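Reproduced below: target.cif, with mmCIF, C-alpha atoms.
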```cif
data_query
loop_
_atom_site.label_atom_id
_atom_site.label_comp_id
_atom_site.auth_asym_id
_atom_site.auth_seq_id
_atom_site.Cartn_x
_atom_site.Cartn_y
_atom_site.Cartn_z
CA MET A 1 68.15 15.86 -6.45
CA ALA A 2 64.75 14.55 -7.59
CA ALA A 3 61.75 15.82 -5.76
CA GLU A 4 60.03 13.29 -3.57
CA GLU A 5 56.68 12.10 -4.84
CA THR A 6 53.80 13.43 -2.83
CA GLU A 7 51.71 10.64 -1.46
CA GLY A 8 48.02 11.08 -2.19
CA PRO A 9 44.92 9.04 -1.56
CA PRO A 10 45.05 5.48 -2.89
CA ARG A 11 43.58 4.46 -6.22
CA VAL A 12 41.43 1.46 -6.94
CA THR A 13 43.61 -1.09 -8.68
CA ALA A 14 41.17 -4.00 -8.86
CA ILE A 15 37.52 -4.79 -8.13
CA ARG A 16 36.42 -8.37 -7.74
CA ARG A 17 32.69 -8.86 -7.73
CA ARG A 18 31.23 -12.02 -6.28
CA THR A 19 28.11 -13.78 -7.47
CA GLU A 20 26.56 -13.08 -4.10
CA GLY A 21 27.53 -10.84 -1.22
CA PRO A 22 29.98 -7.92 -1.08
CA ALA A 23 32.69 -6.96 -3.56
CA VAL A 24 36.44 -7.08 -2.87
CA LEU A 25 38.27 -3.87 -3.67
CA THR A 26 42.09 -3.63 -3.87
CA THR A 27 43.86 -0.26 -3.68
CA SER A 28 47.29 1.04 -4.66
CA ASP A 29 48.41 1.18 -1.03
CA GLY A 30 48.16 -2.62 -0.87
CA GLU A 31 44.94 -2.65 1.12
CA THR A 32 42.06 -4.99 0.43
CA ARG A 33 38.60 -3.77 1.38
CA ILE A 34 35.26 -5.51 1.53
CA VAL A 35 32.57 -3.15 0.28
CA HIS A 36 28.86 -3.29 -0.43
CA ALA A 37 28.66 -4.33 -4.09
CA GLU A 38 25.56 -2.33 -4.99
CA ALA A 39 26.76 0.72 -3.09
CA LEU A 40 30.02 0.52 -5.04
CA GLU A 41 28.07 0.40 -8.30
CA LEU A 42 25.70 3.22 -7.37
CA ALA A 43 28.60 5.41 -6.25
CA GLY A 44 30.16 4.90 -9.67
CA ILE A 45 33.53 3.70 -8.37
CA ARG A 46 35.69 2.11 -11.11
CA GLU A 47 39.22 0.74 -11.37
CA GLY A 48 41.69 3.61 -11.50
CA ASP A 49 39.49 5.96 -9.46
CA ILE A 50 40.88 7.71 -6.42
CA LEU A 51 39.47 6.27 -3.22
CA ASP A 52 39.47 9.39 -1.09
CA HIS A 53 37.19 10.53 1.71
CA LYS A 54 34.60 11.83 -0.76
CA ALA A 55 34.40 8.49 -2.59
CA GLN A 56 34.15 6.56 0.67
CA LYS A 57 31.43 8.90 1.90
CA GLN A 58 29.47 8.37 -1.32
CA MET A 59 29.72 4.60 -0.96
CA ASP A 60 28.53 4.82 2.64
CA LEU A 61 25.60 6.98 1.55
CA GLU A 62 24.54 4.52 -1.12
CA ARG A 63 24.83 1.66 1.37
CA TYR A 64 22.58 3.48 3.81
CA ARG A 65 20.10 4.28 1.05
CA LYS A 66 19.93 0.64 0.03
CA ALA A 67 19.44 -0.46 3.65
CA ALA A 68 16.65 2.12 4.11
CA ARG A 69 14.87 1.00 0.96
CA ASN A 70 15.04 -2.68 1.87
CA ALA A 71 13.83 -2.04 5.43
CA ALA A 72 10.97 0.14 4.22
CA LEU A 73 9.74 -2.32 1.61
CA ARG A 74 9.86 -5.21 4.09
CA MET A 75 7.80 -3.18 6.51
CA LEU A 76 5.25 -2.18 3.88
CA SER A 77 4.88 -5.78 2.70
CA ARG A 78 3.06 -6.63 5.95
CA ARG A 79 0.50 -3.79 5.99
CA PRO A 80 0.20 -0.07 5.15
CA ARG A 81 2.16 2.26 7.43
CA SER A 82 1.92 5.86 8.52
CA GLU A 83 4.75 8.32 7.99
CA LYS A 84 5.47 8.31 11.72
CA GLU A 85 5.65 4.52 11.87
CA MET A 86 8.05 4.44 8.93
CA ARG A 87 10.33 7.14 10.35
CA GLU A 88 10.51 5.39 13.71
CA HIS A 89 11.24 2.05 12.08
CA LEU A 90 14.07 3.43 9.94
CA ARG A 91 15.55 5.36 12.84
CA GLN A 92 15.69 2.13 14.82
CA LYS A 93 17.97 0.81 12.06
CA ARG A 94 20.44 3.55 13.06
CA LEU A 95 20.35 5.13 9.64
CA PRO A 96 21.39 8.79 9.19
CA ALA A 97 18.53 11.24 9.67
CA ASP A 98 18.90 12.68 6.16
CA VAL A 99 18.72 9.19 4.63
CA VAL A 100 15.57 8.44 6.65
CA GLU A 101 13.89 11.62 5.44
CA GLU A 102 15.01 10.98 1.89
CA GLU A 103 13.48 7.50 1.95
CA VAL A 104 10.22 8.77 3.47
CA GLU A 105 9.93 11.39 0.74
CA ARG A 106 10.72 8.79 -1.93
CA LEU A 107 7.98 6.50 -0.62
CA LYS A 108 5.50 9.37 -0.50
CA GLY A 109 6.36 10.34 -4.06
CA ALA A 110 5.84 6.76 -5.19
CA GLY A 111 2.47 6.58 -3.45
CA LEU A 112 3.68 3.90 -1.04
CA LEU A 113 3.38 6.13 2.02
CA ASP A 114 0.14 8.06 2.35
CA ASP A 115 -1.35 8.92 5.75
CA GLU A 116 -4.82 9.42 4.30
CA ALA A 117 -4.85 6.01 2.63
CA PHE A 118 -3.29 4.48 5.75
CA ALA A 119 -6.02 5.94 7.99
CA HIS A 120 -8.83 4.54 5.82
CA ALA A 121 -7.12 1.14 5.62
CA TRP A 122 -6.63 1.12 9.41
CA VAL A 123 -10.29 1.89 10.08
CA GLY A 124 -11.48 -0.66 7.53
CA ASP A 125 -9.28 -3.40 8.95
CA ARG A 126 -10.32 -2.64 12.51
CA GLN A 127 -14.02 -2.67 11.71
CA GLU A 128 -13.69 -5.98 9.89
CA SER A 129 -11.61 -7.83 12.47
CA SER A 130 -12.35 -6.11 15.78
CA PRO A 131 -14.94 -3.30 15.58
CA ARG A 132 -14.53 -0.27 17.82
CA GLY A 133 -15.92 3.22 18.23
CA GLN A 134 -14.81 6.43 16.59
CA ARG A 135 -13.19 7.66 19.81
CA LEU A 136 -10.81 4.70 20.09
CA LEU A 137 -10.10 4.62 16.35
CA ARG A 138 -9.20 8.31 16.44
CA HIS A 139 -6.91 7.72 19.43
CA GLU A 140 -5.15 4.87 17.62
CA LEU A 141 -4.59 6.99 14.53
CA PHE A 142 -3.26 9.91 16.60
CA GLY A 143 -0.79 7.49 18.17
CA ARG A 144 0.52 6.66 14.71
CA GLY A 145 1.09 10.28 13.85
CA VAL A 146 -1.98 10.83 11.68
CA ARG A 147 -3.16 14.45 11.71
CA ALA A 148 -6.49 15.24 13.37
CA GLU A 149 -8.30 16.27 10.18
CA ILE A 150 -7.25 13.06 8.41
CA ALA A 151 -8.25 10.90 11.37
CA ASP A 152 -11.62 12.63 11.69
CA GLU A 153 -12.40 12.08 8.03
CA ALA A 154 -11.35 8.42 8.15
CA VAL A 155 -13.52 7.55 11.17
CA SER A 156 -16.53 9.54 9.96
CA SER A 157 -17.80 6.52 8.02
CA VAL A 158 -18.13 4.47 11.22
CA ASP A 159 -21.64 4.28 12.69
CA ASP A 160 -21.00 3.85 16.40
CA GLY A 161 -24.50 2.57 17.10
CA THR A 162 -24.31 -0.17 14.50
CA ALA A 163 -20.75 -1.11 15.46
CA ALA A 164 -21.56 -1.23 19.18
CA LEU A 165 -24.50 -3.55 18.58
CA ALA A 166 -22.36 -5.86 16.40
CA VAL A 167 -19.69 -6.05 19.12
CA ALA A 168 -22.30 -6.64 21.82
CA ARG A 169 -23.85 -9.52 19.87
CA ARG A 170 -20.44 -11.15 19.46
CA ARG A 171 -19.69 -10.80 23.15
CA ALA A 172 -23.09 -11.83 24.54
CA PRO A 173 -22.60 -15.63 24.33
CA ARG A 174 -19.72 -15.35 26.82
CA LEU A 175 -22.06 -13.71 29.31
CA ALA A 176 -24.96 -16.13 28.95
CA GLY A 177 -26.67 -17.16 32.18
CA LEU A 178 -25.77 -14.01 34.12
CA GLU A 179 -28.31 -11.82 35.84
CA TYR A 180 -29.09 -8.55 34.10
CA GLN A 181 -27.10 -6.33 36.47
CA VAL A 182 -23.90 -8.39 36.09
CA PHE A 183 -24.52 -8.90 32.36
CA SER A 184 -25.01 -5.18 31.75
CA GLN A 185 -21.98 -4.13 33.82
CA ARG A 186 -19.63 -6.51 32.10
CA LEU A 187 -20.89 -5.87 28.59
CA ALA A 188 -21.01 -2.11 29.10
CA GLY A 189 -17.44 -2.11 30.40
CA PHE A 190 -16.28 -4.09 27.39
CA LEU A 191 -18.01 -1.74 24.96
CA GLU A 192 -16.64 1.35 26.69
CA ARG A 193 -13.11 -0.03 26.36
CA ARG A 194 -13.78 -0.37 22.65
CA GLY A 195 -14.37 3.36 22.44
CA PHE A 196 -18.17 3.55 22.36
CA GLY A 197 -20.09 6.34 24.06
CA TYR A 198 -22.69 6.05 26.79
CA ALA A 199 -25.76 6.26 24.52
CA GLU A 200 -24.51 3.59 22.10
CA VAL A 201 -23.47 1.31 24.96
CA GLU A 202 -26.80 1.59 26.78
CA THR A 203 -28.79 0.86 23.62
CA ALA A 204 -26.59 -2.09 22.61
CA VAL A 205 -26.69 -3.69 26.07
CA ARG A 206 -30.47 -3.44 26.35
CA THR A 207 -31.02 -4.66 22.77
CA VAL A 208 -28.81 -7.71 23.14
CA TRP A 209 -30.28 -8.58 26.53
CA ASN A 210 -33.81 -8.44 25.13
CA GLU A 211 -32.83 -10.54 22.11
CA ASN A 212 -31.76 -13.38 24.39
CA ALA A 213 -33.92 -13.02 27.50
CA GLU A 214 -37.27 -14.56 28.28
CA ALA A 215 -40.19 -12.22 27.77
CA SER A 216 -40.62 -11.78 31.52
CA GLU A 217 -36.99 -10.65 31.92
CA ARG A 218 -36.85 -8.11 29.11
CA ARG A 219 -36.04 -4.49 29.83
#
```
Can the structure in the file be given as structure tokens, please?
Amino acid sequence: MAAEETEGPPRVTAIRRRTEGPAVLTTSDGETRIVHAEALELAGIREGDILDHKAQKQMDLERYRKAARNAALRMLSRRPRSEKEMREHLRQKRLPADVVEEEVERLKGAGLLDDEAFAHAWVGDRQESSPRGQRLLRHELFGRGVRAEIADEAVSSVDDGTAALAVARRRAPRLAGLEYQVFSQRLAGFLERRGFGYAEVETAVRTVWNENAEASERR
């Protein structure tokens, strides 16, 4: 009596690649599967190969890697990102933790993810579009996962006195016609919310008031 054949994992009998979209994979057990075409290629699956758990796991891994890379590059196309921002973004895509870390390390190795460069770019952009003091800039960088020593170095180029005066001059036209007490309270509050200290705020408020007030009203 002939021994029964032992059934094993199915083999790939045909792979049909489309011009766009996923590939269609047919196996020896009569199943047809829709798979990620690039993941299939990167996993090295060919006709005649056994499609076991290991092969399926490799295809899944390559699919996750591709998704992580695409998501990361789309995010970086808008502006530089910190490591923390990138990790959080990729985790929101429900990618495996090891794939997220692998992609972060790949980006760092390629020079596309650099907290020091990010911190300097952040400070430069802020001072150009919406100036603020070192205190607030440092707080913003901390919130994006930048280490204290990197944040301190990045904000060290900011002159709070100069920045506070520039912000005060921009804001002053909105407060025109107010008495000094109201003018100073509102402008000082605005500058404090921008992260400037007491000394810089007091000097900027008085300077801007005197630039626009009549000689008899100057302080």
Open item on the list: Tell me which residues come within 10 Å of (-12.6, 10.5, 15.2), as a list in words, counting all atoms listed in the file in the file's coordinates.
Closed with: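 Within 10 Å of (-12.6, 10.5, 15.2), the protein and nucleic acid residues are Gly133, Gln134, Arg135, Leu136, Leu137, Arg138, His139, Glu140, Leu141, Phe142, Ala148, Glu149, Ile150, Ala151, Asp152, Glu153, Ala154, Val155, Ser156, Ser157 and Val158 of chain A.
If you look at CA of Arg65 in chain A and CA of Glu103 in chain A, they are 7.4 Å away from each other.
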TODO: Just give me the gap between CA of Ala37 in chain A and CA of Asp60 in chain A in Å, one decimal is fine.
DONE: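 Result for CA of Ala37 in chain A versus CA of Asp60 in chain A: 11.4 Å, one decimal.
Closest approach to Ala164 in chain A among A:Ala188, A:Val146, A:Ile34, A:Leu112 is made by A:Ala188 (distances from only C-alpha atoms).
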Open item on the list: Selection in question (the file shown): the PyMOL selection byres ((chain A and resi 67-81) around 7). Which residues does it include, as a count of residues only?
Closed with: 13
Task: Selection near Ala55 in chain A, 10 Å with all atoms listed in the file, sequence-local residues under 6 positions removed, as a PyMOL selection string - done: chain A and resi 40+43-45+49+61
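Atom pair CA of Gly8 in chain A / CA of Gln56 in chain A: separated by 14.9 Å.
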Open item on the list: Could you check the closest approach to Arg193 in chain A for each of A:Val167, A:Ile50, A:Val24, A:Leu42 and tell me which residue wins, using all atoms listed in the file?
Closed with: A:Val167
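Residues selected in this file by the PyMOL selection byres ((chain A and resi 29) around 12) comprise Glu7, Gly8, Pro9, Pro10, Arg11, Val12, Thr13, Ala14, Leu25, Thr26, Thr27, Ser28, Gly30, Glu31, Thr32, Arg33, Ile50 and Leu51 of chain A.
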- [ ] Quick one: everything within 12 Å of Ser129 in chain A, counting all atoms listed in the file, minus sequence neighbours fewer than 3 positions away in the same chain. Send it as number ranges by chain.
- [x] A: 122-126, 132, 163, 166-167, 170
Limited to C-alpha atoms, could you put the picked residues into a file as a CSV table (one decimal), keeping the file's coordinate frame?
```
chain,number,residue,atom,x,y,z
A,122,TRP,CA,-6.6,1.1,9.4
A,123,VAL,CA,-10.3,1.9,10.1
A,124,GLY,CA,-11.5,-0.7,7.5
A,125,ASP,CA,-9.3,-3.4,9.0
A,126,ARG,CA,-10.3,-2.6,12.5
A,132,ARG,CA,-14.5,-0.3,17.8
A,163,ALA,CA,-20.8,-1.1,15.5
A,166,ALA,CA,-22.4,-5.9,16.4
A,167,VAL,CA,-19.7,-6.0,19.1
A,170,ARG,CA,-20.4,-11.2,19.5
```
TODO: Measuring atom to atom with all atoms listed in the file, identify which of A:Lys84, A:Glu41, A:Glu202, A:Glu62 is nearest to Gly161 in chain A.
DONE: A:Glu202
- [ ] Would you please work out which residue, of A:Gln127, A:Asn210, A:Gln92, A:Gln58, is nearest to Ser184 in chain A when using all atoms listed in the file?
- [x]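 Closest to Ser184 in chain A, using all atoms listed in the file: A:Asn210.
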Task: Option closest in space to Leu175 in chain A, from A:Gly197, A:Glu38, A:Val208, A:Leu95 [counting all atoms listed in the file] - done: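 Among A:Gly197, A:Glu38, A:Val208, A:Leu95, it is A:Val208 that comes nearest to Leu175 in chain A.
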